[in-house]
Amino acid sequence: MKKILCRGLILSSIFFGGVVSAADISFLNSDETEYKNDVVVCRGNVIVVYNKKIISADTMSFDEKNDIIKAEGNVIMKDEFGNAYFANSFQAKQNFKSGRATNLKIITQDKTRLASDNCFIVDGEYLLKNVIFTPCYECTESGSLTWQLKAKTVTFNPENYTEYQNTVLEAYNVPMLYVPYLTHVSSNIKRKSGFLTPKFSFSSQQGFSLSLPYLFSISDSQELIFKPIITSKIGHVPWIYYSWRFPHGEFSIDASLTGIKSVNKQDPDEKIQKIKHSGYRGHIFAKFRYELDNNWRTGFDINLASDRYYLKRFSFFDKVDRTLESRVFLEGFHGRNYTMVKSSMYQSEDLDAAPNLLPMLEHRHYFQVLGGTLNFDTAFINMDFKNGRLSQKYICNPSWYKEILMPGGHILEVNAVLSVQGLKVKEETRSDYNSHFQARPQLNLTWKWPLLVETPFHNLIFTPVLGTSLSENKKYYDAFETPFDEINESNVFSNNRSISSYNIDSGKRYFYGFHANGYHGTKNIYHLALGQSFELTEPQKRVESSGLKYKKSNIVGVLDIFFSQNLTFSSSGSYSQQNKRFDRIEAGLNYSDEKFSAGVMGFKGKQSSYNPFKIQQDFVDKKNSEKKYKGIALNASYKINPRTQLNCGIVLGNRFEDKSNSGKLKLLKHEVGVNFENECTKVFLQYERENKRGADLHPETTFKFVVQLKKLG
């Protein structure tokens, strides 16, 4: 065996000019080497590292005079981009700028494959004839490909792109689509302009709908996606998304604007629906963030829509907040300490009278004092109401907290708070609230005693809880202090049950209950918690659904049972001793294993329906301030095989009707879909029926269809 190394004596004397030189070859290995008439011939286990390419073959020759490299027999080459080439014979010249190969097969860096019976290299590009392209690999073992492209001519540029002409798309060897021209980027390209995966759907109101996104790659840090929605019945929606990442920050904007046609209000059972023009509609969501230094950052959010139904009309996003907030802010982080200055504006389905927040200052500071934590919560809030009222609220809530471990395992939590608040009201008309100043101290004591109870079947950690909260009754109310605060399983043992973090509870009360956790070995098998609050002073005026209307609050609790690793039960509820009934109860059962998962959730109760910025004191006694709700939701999924999954779901309810019209359960939504995915394809099919309501929203049936051929984008 002979080994010739670059810059070695033999190669230096053989390759002394032209493209084939010692500088181009860094390693050469062969069983036999022959030099004749300016041609070096290597035979047997030939391996060459030539100009960033690794080539192996049974026989290889280097013709310095004609600048030609030839390889024959089991030719394998790997280029600098990670692509592998397999051929019966291979010939190249001018540093692989030209050449040819027979029976060439290419496996790219991202595991896609091209096969051609003949190939010519022109200007560094591989011109392939009679080509088959596919990214499928695992499915080839069964003998049929999920999909493949057959093209008369393919231009393969290992550095940039692959271009097809006169192409037929086949699925499971059945011709499906003819495409005269097609191109996609090479796997080593991180980003390039082009079409993204289209989405198709058909609905009873929109008709046929197509979303065909196109990506404009502006730079490595900027992109623009134009993703119009085209419908056959109600018009078209231009929709764009732009994002830019820069040092220490980012900016993005998502927006649409259209003179959309909408469906008239009418009986949803009518088969014929008239179309009318409703003027320009649209939305804009923008986000900006900038890191000023390690502790401070600034930014803004813009979240606006032309009307409350527009975003639902075309399902722009899977989930949209019911309240849209636009804000500009400056915030700082110093350990646990936090400072924010912001100004906000709101859009909401329910809170039409929500005020604008003018410059607002909030600061939280923590100190370690006397073995506990001293916390200062301060805020200065300006609210501009649409009815001409301007309110300013000043808040300073210093508090001290310490947990004391006592003999016998008893735990005592001590929390002392001084709530200092002031409200200044300036208005054109009479307000529900008056200017005031109040300082209210509060003392909170909570006792806990974790106990370990061992039984023959399991171990139980039982923790009784007893606490008291002592404060003066509130004399004044404002928009942040409402009679709609609710007691539930998450705050029954809390010192503060208020919706707003700026307030503290009023009056004197105590609370009691327990936590219980059962274990079998180290496995948690159940969790139970029950609690209740009792007012020592006359309770505030509350709505029934709050669970705090009477001196004895509702009994609230949660029960979770872990039957096995796959099967769990969870529930929570609020029981009224005064009315001898559950004001709220929710329960669900979930099962999950490798193939099948299913869940059922039932819920029933009542909830306050109110505008916290438009409250009158007699409003709490009106029956229409509460609405009943009830319903049941079921969902299931089944893996037919490792690649295919079937999903379905049903939601029944009463659409959150009020007391006078709670109604029977109605089918609000049902859907069934199938997902298929393997190494080369994604397919999503779904049928959905949803009883949408309001303005141009009506019950709608939709079919959604998405097919993604991997490696083509």
# chains A, B, ... in the order shown; residues from 1 in each chain; ligands from 1
>>> closest_atom_pairs(of="region 98-175 of chain A", to="region 183-186 of chain A", cutoff="9 Å", atoms="only C-alpha atoms", output="CSV")
residue,atom,partner,partner_atom,distance
A:Thr108,CA,A:Ser186,CA,8.4
A:Gln109,CA,A:Ser186,CA,8.8
A:Asp110,CA,A:Ser186,CA,8.8
A:Phe156,CA,A:Ser186,CA,8.7
A:Asn157,CA,A:Ser186,CA,7.6
A:Pro158,CA,A:Ser186,CA,6.5
A:Glu159,CA,A:Ser186,CA,6.5
A:Asn160,CA,A:Ser186,CA,5.2
A:Tyr161,CA,A:Val185,CA,4.1
A:Thr162,CA,A:His184,CA,5.6
A:Glu163,CA,A:Thr183,CA,4.3
A:Tyr164,CA,A:Thr183,CA,6.0
A:Gln165,CA,A:Thr183,CA,8.8
>>> closest_residue(among="A:Asn517, A:Gln540, A:Asn524, A:Ser203", to="Glu700 (chain A)", atoms="only C-alpha atoms")
A:Ser203
>>> closest_residue(among="A:Leu210, A:Ile234, A:Leu712, A:Ile404", to="Leu445 (chain A)", atoms="only C-alpha atoms")
A:Ile404
>>> atom_distance(atom1="CA of Asp67 (chain A)", atom2="CA of Thr102 (chain A)")
19.9 Å
>>> closest_residue(among="A:Phe300, A:Trp447, A:Tyr50, A:Tyr366", to="Ser343 (chain A)", atoms="only C-alpha atoms")
A:Phe300
>>> closest_residue(among="A:Ile54, A:Ile302, A:Leu149, A:Val122", to="Thr134 (chain A)", atoms="only C-alpha atoms")
A:Leu149
>>> closest_residue(among="A:Gln438, A:Tyr550, A:Gly573, A:Ile650", to="Leu528 (chain A)", atoms="only C-alpha atoms")
A:Gly573
>>> residues_around(residues="Leu257 (chain A)", least_positions_apart="5", cutoff="9 Å", atoms="only C-alpha atoms", output="list in words")
Val237, Pro238, Trp239, Tyr280, Arg281, Gly282, His283 and Ile284 of chain A
>>> write_last_selection(atoms="N, CA and C atoms", output="mmCIF file, in the first residue's frame")
data_model
loop_
_atom_site.group_PDB
_atom_site.id
_atom_site.type_symbol
_atom_site.label_atom_id
_atom_site.label_comp_id
_atom_site.auth_asym_id
_atom_site.auth_seq_id
_atom_site.Cartn_x
_atom_site.Cartn_y
_atom_site.Cartn_z
ATOM 1 N N VAL A 237 -58.913 39.215 1.951
ATOM 2 C CA VAL A 237 -58.275 39.942 3.055
ATOM 3 C C VAL A 237 -56.766 39.992 2.838
ATOM 4 N N PRO A 238 -56.196 41.137 2.465
ATOM 5 C CA PRO A 238 -54.737 41.280 2.466
ATOM 6 C C PRO A 238 -54.217 41.258 3.907
ATOM 7 N N TRP A 239 -53.196 40.459 4.143
ATOM 8 C CA TRP A 239 -52.695 40.237 5.509
ATOM 9 C C TRP A 239 -51.184 40.129 5.433
ATOM 10 N N TYR A 280 -64.685 49.367 5.440
ATOM 11 C CA TYR A 280 -63.344 48.879 5.708
ATOM 12 C C TYR A 280 -63.239 48.317 7.114
ATOM 13 N N ARG A 281 -62.586 47.188 7.219
ATOM 14 C CA ARG A 281 -62.345 46.533 8.503
ATOM 15 C C ARG A 281 -60.894 46.062 8.515
ATOM 16 N N GLY A 282 -60.361 45.854 9.692
ATOM 17 C CA GLY A 282 -58.976 45.398 9.742
ATOM 18 C C GLY A 282 -58.480 45.267 11.166
ATOM 19 N N HIS A 283 -57.190 44.940 11.292
ATOM 20 C CA HIS A 283 -56.563 44.839 12.608
ATOM 21 C C HIS A 283 -55.089 45.178 12.470
ATOM 22 N N ILE A 284 -54.488 45.528 13.582
ATOM 23 C CA ILE A 284 -53.046 45.750 13.636
ATOM 24 C C ILE A 284 -52.545 45.316 15.010
#
>>> closest_residue(among="A:Leu548, A:Val672, A:Glu677, A:Met601", to="Pro642 (chain A)", atoms="only C-alpha atoms")
A:Glu677
>>> residues_around(residues="region 702-707 of chain A", least_positions_apart="4", cutoff="10 Å", atoms="only C-alpha atoms", output="JSON, numbers by chain")
{"A": [197, 198, 199, 200, 201, 202, 203, 204, 205, 206, 207, 208, 209, 210, 671, 672, 673, 675, 676, 677, 681, 682, 683, 684, 685, 686, 687, 688, 689, 690]}
>>> write_last_selection(atoms="N, CA and C atoms", output="JSON list (two decimals), in the first residue's frame")
[["chain", "number", "residue", "atom", "x", "y", "z"],
["A", 197, "THR", "N", -46.31, 26.97, 3.09],
["A", 197, "THR", "CA", -47.37, 25.97, 2.95],
["A", 197, "THR", "C", -48.73, 26.65, 2.85],
["A", 198, "PRO", "N", -49.49, 26.39, 1.77],
["A", 198, "PRO", "CA", -50.83, 26.97, 1.65],
["A", 198, "PRO", "C", -51.82, 26.25, 2.56],
["A", 199, "LYS", "N", -52.92, 26.95, 2.89],
["A", 199, "LYS", "CA", -53.98, 26.38, 3.70],
["A", 199, "LYS", "C", -55.30, 26.53, 2.94],
["A", 200, "PHE", "N", -56.05, 25.45, 2.87],
["A", 200, "PHE", "CA", -57.32, 25.44, 2.17],
["A", 200, "PHE", "C", -58.44, 25.16, 3.17],
["A", 201, "SER", "N", -59.60, 25.76, 2.94],
["A", 201, "SER", "CA", -60.77, 25.45, 3.76],
["A", 201, "SER", "C", -62.03, 25.77, 2.97],
["A", 202, "PHE", "N", -63.13, 25.20, 3.42],
["A", 202, "PHE", "CA", -64.43, 25.49, 2.83],
["A", 202, "PHE", "C", -65.43, 25.60, 3.97],
["A", 203, "SER", "N", -66.19, 26.72, 3.99],
["A", 203, "SER", "CA", -67.18, 26.90, 5.04],
["A", 203, "SER", "C", -68.48, 27.37, 4.44],
["A", 204, "SER", "N", -69.55, 27.21, 5.23],
["A", 204, "SER", "CA", -70.88, 27.56, 4.73],
["A", 204, "SER", "C", -71.03, 29.06, 4.50],
["A", 205, "GLN", "N", -70.26, 29.89, 5.21],
["A", 205, "GLN", "CA", -70.37, 31.34, 5.03],
["A", 205, "GLN", "C", -69.29, 31.91, 4.13],
["A", 206, "GLN", "N", -68.07, 31.40, 4.23],
["A", 206, "GLN", "CA", -66.97, 31.96, 3.44],
["A", 206, "GLN", "C", -66.86, 31.31, 2.07],
["A", 207, "GLY", "N", -67.42, 30.11, 1.91],
["A", 207, "GLY", "CA", -67.21, 29.37, 0.69],
["A", 207, "GLY", "C", -65.80, 28.80, 0.68],
["A", 208, "PHE", "N", -65.22, 28.69, -0.50],
["A", 208, "PHE", "CA", -63.84, 28.19, -0.61],
["A", 208, "PHE", "C", -62.88, 29.27, -0.15],
["A", 209, "SER", "N", -61.94, 28.89, 0.71],
["A", 209, "SER", "CA", -60.97, 29.85, 1.25],
["A", 209, "SER", "C", -59.56, 29.32, 1.05],
["A", 210, "LEU", "N", -58.67, 30.22, 0.62],
["A", 210, "LEU", "CA", -57.27, 29.87, 0.39],
["A", 210, "LEU", "C", -56.37, 30.90, 1.04],
["A", 671, "GLU", "N", -66.23, 18.86, 16.27],
["A", 671, "GLU", "CA", -65.19, 18.76, 15.26],
["A", 671, "GLU", "C", -64.61, 17.37, 15.24],
["A", 672, "VAL", "N", -64.13, 17.00, 14.08],
["A", 672, "VAL", "CA", -63.41, 15.75, 13.92],
["A", 672, "VAL", "C", -62.31, 15.98, 12.89],
["A", 673, "GLY", "N", -61.15, 15.45, 13.15],
["A", 673, "GLY", "CA", -60.03, 15.68, 12.25],
["A", 673, "GLY", "C", -59.04, 14.53, 12.28],
["A", 675, "ASN", "N", -54.78, 13.74, 11.59],
["A", 675, "ASN", "CA", -53.42, 14.23, 11.34],
["A", 675, "ASN", "C", -52.56, 13.06, 10.87],
["A", 676, "PHE", "N", -51.84, 13.28, 9.79],
["A", 676, "PHE", "CA", -50.90, 12.27, 9.29],
["A", 676, "PHE", "C", -49.55, 12.94, 9.13],
["A", 677, "GLU", "N", -48.50, 12.29, 9.66],
["A", 677, "GLU", "CA", -47.16, 12.85, 9.52],
["A", 677, "GLU", "C", -46.13, 11.73, 9.49],
["A", 681, "THR", "N", -43.99, 14.11, 4.94],
["A", 681, "THR", "CA", -45.31, 14.68, 4.67],
["A", 681, "THR", "C", -46.05, 15.00, 5.95],
["A", 682, "LYS", "N", -46.80, 16.10, 5.91],
["A", 682, "LYS", "CA", -47.76, 16.43, 6.95],
["A", 682, "LYS", "C", -49.11, 16.67, 6.28],
["A", 683, "VAL", "N", -50.16, 16.02, 6.81],
["A", 683, "VAL", "CA", -51.51, 16.20, 6.29],
["A", 683, "VAL", "C", -52.44, 16.48, 7.46],
["A", 684, "PHE", "N", -53.26, 17.53, 7.33],
["A", 684, "PHE", "CA", -54.23, 17.88, 8.36],
["A", 684, "PHE", "C", -55.59, 18.05, 7.70],
["A", 685, "LEU", "N", -56.57, 17.26, 8.13],
["A", 685, "LEU", "CA", -57.94, 17.34, 7.64],
["A", 685, "LEU", "C", -58.86, 17.54, 8.83],
["A", 686, "GLN", "N", -59.82, 18.47, 8.73],
["A", 686, "GLN", "CA", -60.72, 18.70, 9.86],
["A", 686, "GLN", "C", -62.08, 19.19, 9.39],
["A", 687, "TYR", "N", -63.10, 18.63, 10.01],
["A", 687, "TYR", "CA", -64.47, 19.12, 9.85],
["A", 687, "TYR", "C", -64.88, 19.77, 11.17],
["A", 688, "GLU", "N", -65.49, 20.96, 11.07],
["A", 688, "GLU", "CA", -65.84, 21.70, 12.28],
["A", 688, "GLU", "C", -67.18, 22.41, 12.09],
["A", 689, "ARG", "N", -68.00, 22.34, 13.12],
["A", 689, "ARG", "CA", -69.27, 23.07, 13.14],
["A", 689, "ARG", "C", -69.32, 23.89, 14.41],
["A", 690, "GLU", "N", -69.45, 25.22, 14.28],
["A", 690, "GLU", "CA", -69.45, 26.10, 15.44],
["A", 690, "GLU", "C", -70.62, 27.07, 15.35]]
>>> residues_around(residues="Lys523 (chain A)", least_positions_apart="5", cutoff="12 Å", atoms="only C-alpha atoms", output="PyMOL selection string")
chain A and resi 458-460+517-518+561-565
>>> select_by_dssp(residues="region 501-601 of chain A", states="strand (DSSP E or B)", output="NGL selection string")
:A and (509-520 or 523-535 or 552 or 555-562 or 567-576 or 581-592 or 596-601)
>>> residues_around(residues="region 345-347 of chain A", least_positions_apart="3", cutoff="7 Å", atoms="only C-alpha atoms", output="PyMOL selection string")
chain A and resi 323-327+354+356-357
>>> write_last_selection(atoms="C-alpha atoms", output="compact mmCIF listing (two decimals), in the first residue's frame")
# COMPACT_ATOMS: atom_id res chain seq x y z
CA THR A 323 -59.64 42.43 25.91
CA LEU A 324 -57.07 44.06 23.61
CA GLU A 325 -54.52 46.29 25.35
CA SER A 326 -52.29 48.80 23.61
CA ARG A 327 -49.51 50.17 25.79
CA ALA A 354 -63.02 50.74 30.03
CA ASN A 356 -57.59 54.74 29.16
CA LEU A 357 -54.70 54.47 31.57
>>> closest_atom_pairs(of="region 465-522 of chain A", to="region 408-429 of chain A", cutoff="9 Å", atoms="only C-alpha atoms", output="CSV")
residue,atom,partner,partner_atom,distance
A:Gly467,CA,A:Glu413,CA,9.0
A:Asp478,CA,A:Leu423,CA,7.9
A:Asn495,CA,A:Asn415,CA,8.3
A:Tyr502,CA,A:Ser419,CA,8.9
A:Asn503,CA,A:Ser419,CA,7.5
A:Ile504,CA,A:Ser419,CA,7.1
>>> write_last_selection(atoms="N, CA and C atoms", output="CSV table (one decimal), in the first residue's frame")
chain,number,residue,atom,x,y,z
A,467,GLY,N,-56.8,30.6,60.1
A,467,GLY,CA,-56.2,31.9,60.0
A,467,GLY,C,-57.2,33.0,60.2
A,478,ASP,N,-64.1,52.3,44.8
A,478,ASP,CA,-63.8,52.9,43.5
A,478,ASP,C,-63.7,51.8,42.5
A,495,ASN,N,-54.7,35.9,52.2
A,495,ASN,CA,-54.9,37.1,53.0
A,495,ASN,C,-55.7,38.1,52.1
A,502,TYR,N,-53.9,45.8,44.0
A,502,TYR,CA,-53.7,47.0,44.7
A,502,TYR,C,-54.5,47.2,46.0
A,503,ASN,N,-55.5,46.2,46.2
A,503,ASN,CA,-56.3,46.4,47.4
A,503,ASN,C,-56.1,45.3,48.4
A,504,ILE,N,-56.6,45.5,49.6
A,504,ILE,CA,-56.6,44.4,50.6
A,504,ILE,C,-58.0,44.2,51.1
>>> residues_around(residues="region 45-47 of chain A", least_positions_apart="4", cutoff="7 Å", atoms="only C-alpha atoms", output="compact mmCIF listing (two decimals) with N, CA and C atoms, in the first residue's frame")
# COMPACT_ATOMS: atom_id res chain seq x y z
N LEU A 28 -4.31 11.57 0.11
CA LEU A 28 -4.55 10.59 -0.93
C LEU A 28 -4.14 9.22 -0.42
N ASN A 29 -5.00 8.23 -0.63
CA ASN A 29 -4.72 6.86 -0.19
C ASN A 29 -5.14 5.90 -1.29
N SER A 30 -4.33 4.90 -1.60
CA SER A 30 -4.68 3.88 -2.58
C SER A 30 -3.81 2.65 -2.36
N ASP A 31 -4.28 1.52 -2.89
CA ASP A 31 -3.48 0.29 -2.81
C ASP A 31 -2.35 0.30 -3.83
N ILE A 55 -13.50 12.09 -1.94
CA ILE A 55 -13.90 11.20 -3.04
C ILE A 55 -13.29 9.83 -2.81
N SER A 56 -14.11 8.81 -2.99
CA SER A 56 -13.61 7.43 -2.94
C SER A 56 -14.11 6.69 -4.17
N ALA A 57 -13.30 5.73 -4.68
CA ALA A 57 -13.68 4.96 -5.86
C ALA A 57 -12.76 3.74 -5.97
N ASP A 58 -13.12 2.83 -6.88
CA ASP A 58 -12.24 1.68 -7.13
C ASP A 58 -11.00 2.13 -7.89
N THR A 59 -11.21 3.05 -8.86
CA THR A 59 -10.10 3.56 -9.67
C THR A 59 -10.27 5.06 -9.85
N MET A 60 -9.14 5.79 -9.78
CA MET A 60 -9.20 7.23 -9.96
C MET A 60 -7.93 7.67 -10.67
>>> decode(residues="region 444-467 of chain A", atoms="C-alpha atoms", output="tab-separated table (two decimals), in the first residue's frame")
chain	number	residue	atom	x	y	z
A	444	ASN	CA	-53.05	38.39	59.04
A	445	LEU	CA	-52.16	35.27	61.02
A	446	THR	CA	-52.20	31.77	59.52
A	447	TRP	CA	-51.54	28.56	61.43
A	448	LYS	CA	-50.66	25.25	59.76
A	449	TRP	CA	-49.75	21.87	61.23
A	450	PRO	CA	-48.64	19.21	58.72
A	451	LEU	CA	-49.33	15.72	60.12
A	452	LEU	CA	-48.16	12.39	58.76
A	453	VAL	CA	-50.75	9.61	59.14
A	454	GLU	CA	-49.59	6.10	58.22
A	455	THR	CA	-52.17	3.45	57.25
A	456	PRO	CA	-51.77	-0.12	55.91
A	457	PHE	CA	-52.76	1.10	52.44
A	458	HIS	CA	-51.20	4.52	52.08
A	459	ASN	CA	-49.61	7.47	53.84
A	460	LEU	CA	-51.53	10.69	54.37
A	461	ILE	CA	-50.14	14.18	54.90
A	462	PHE	CA	-52.98	16.08	56.54
A	463	THR	CA	-52.55	19.83	57.06
A	464	PRO	CA	-55.24	21.77	58.96
A	465	VAL	CA	-55.26	25.50	58.29
A	466	LEU	CA	-56.68	28.24	60.52
A	467	GLY	CA	-56.22	31.94	59.95
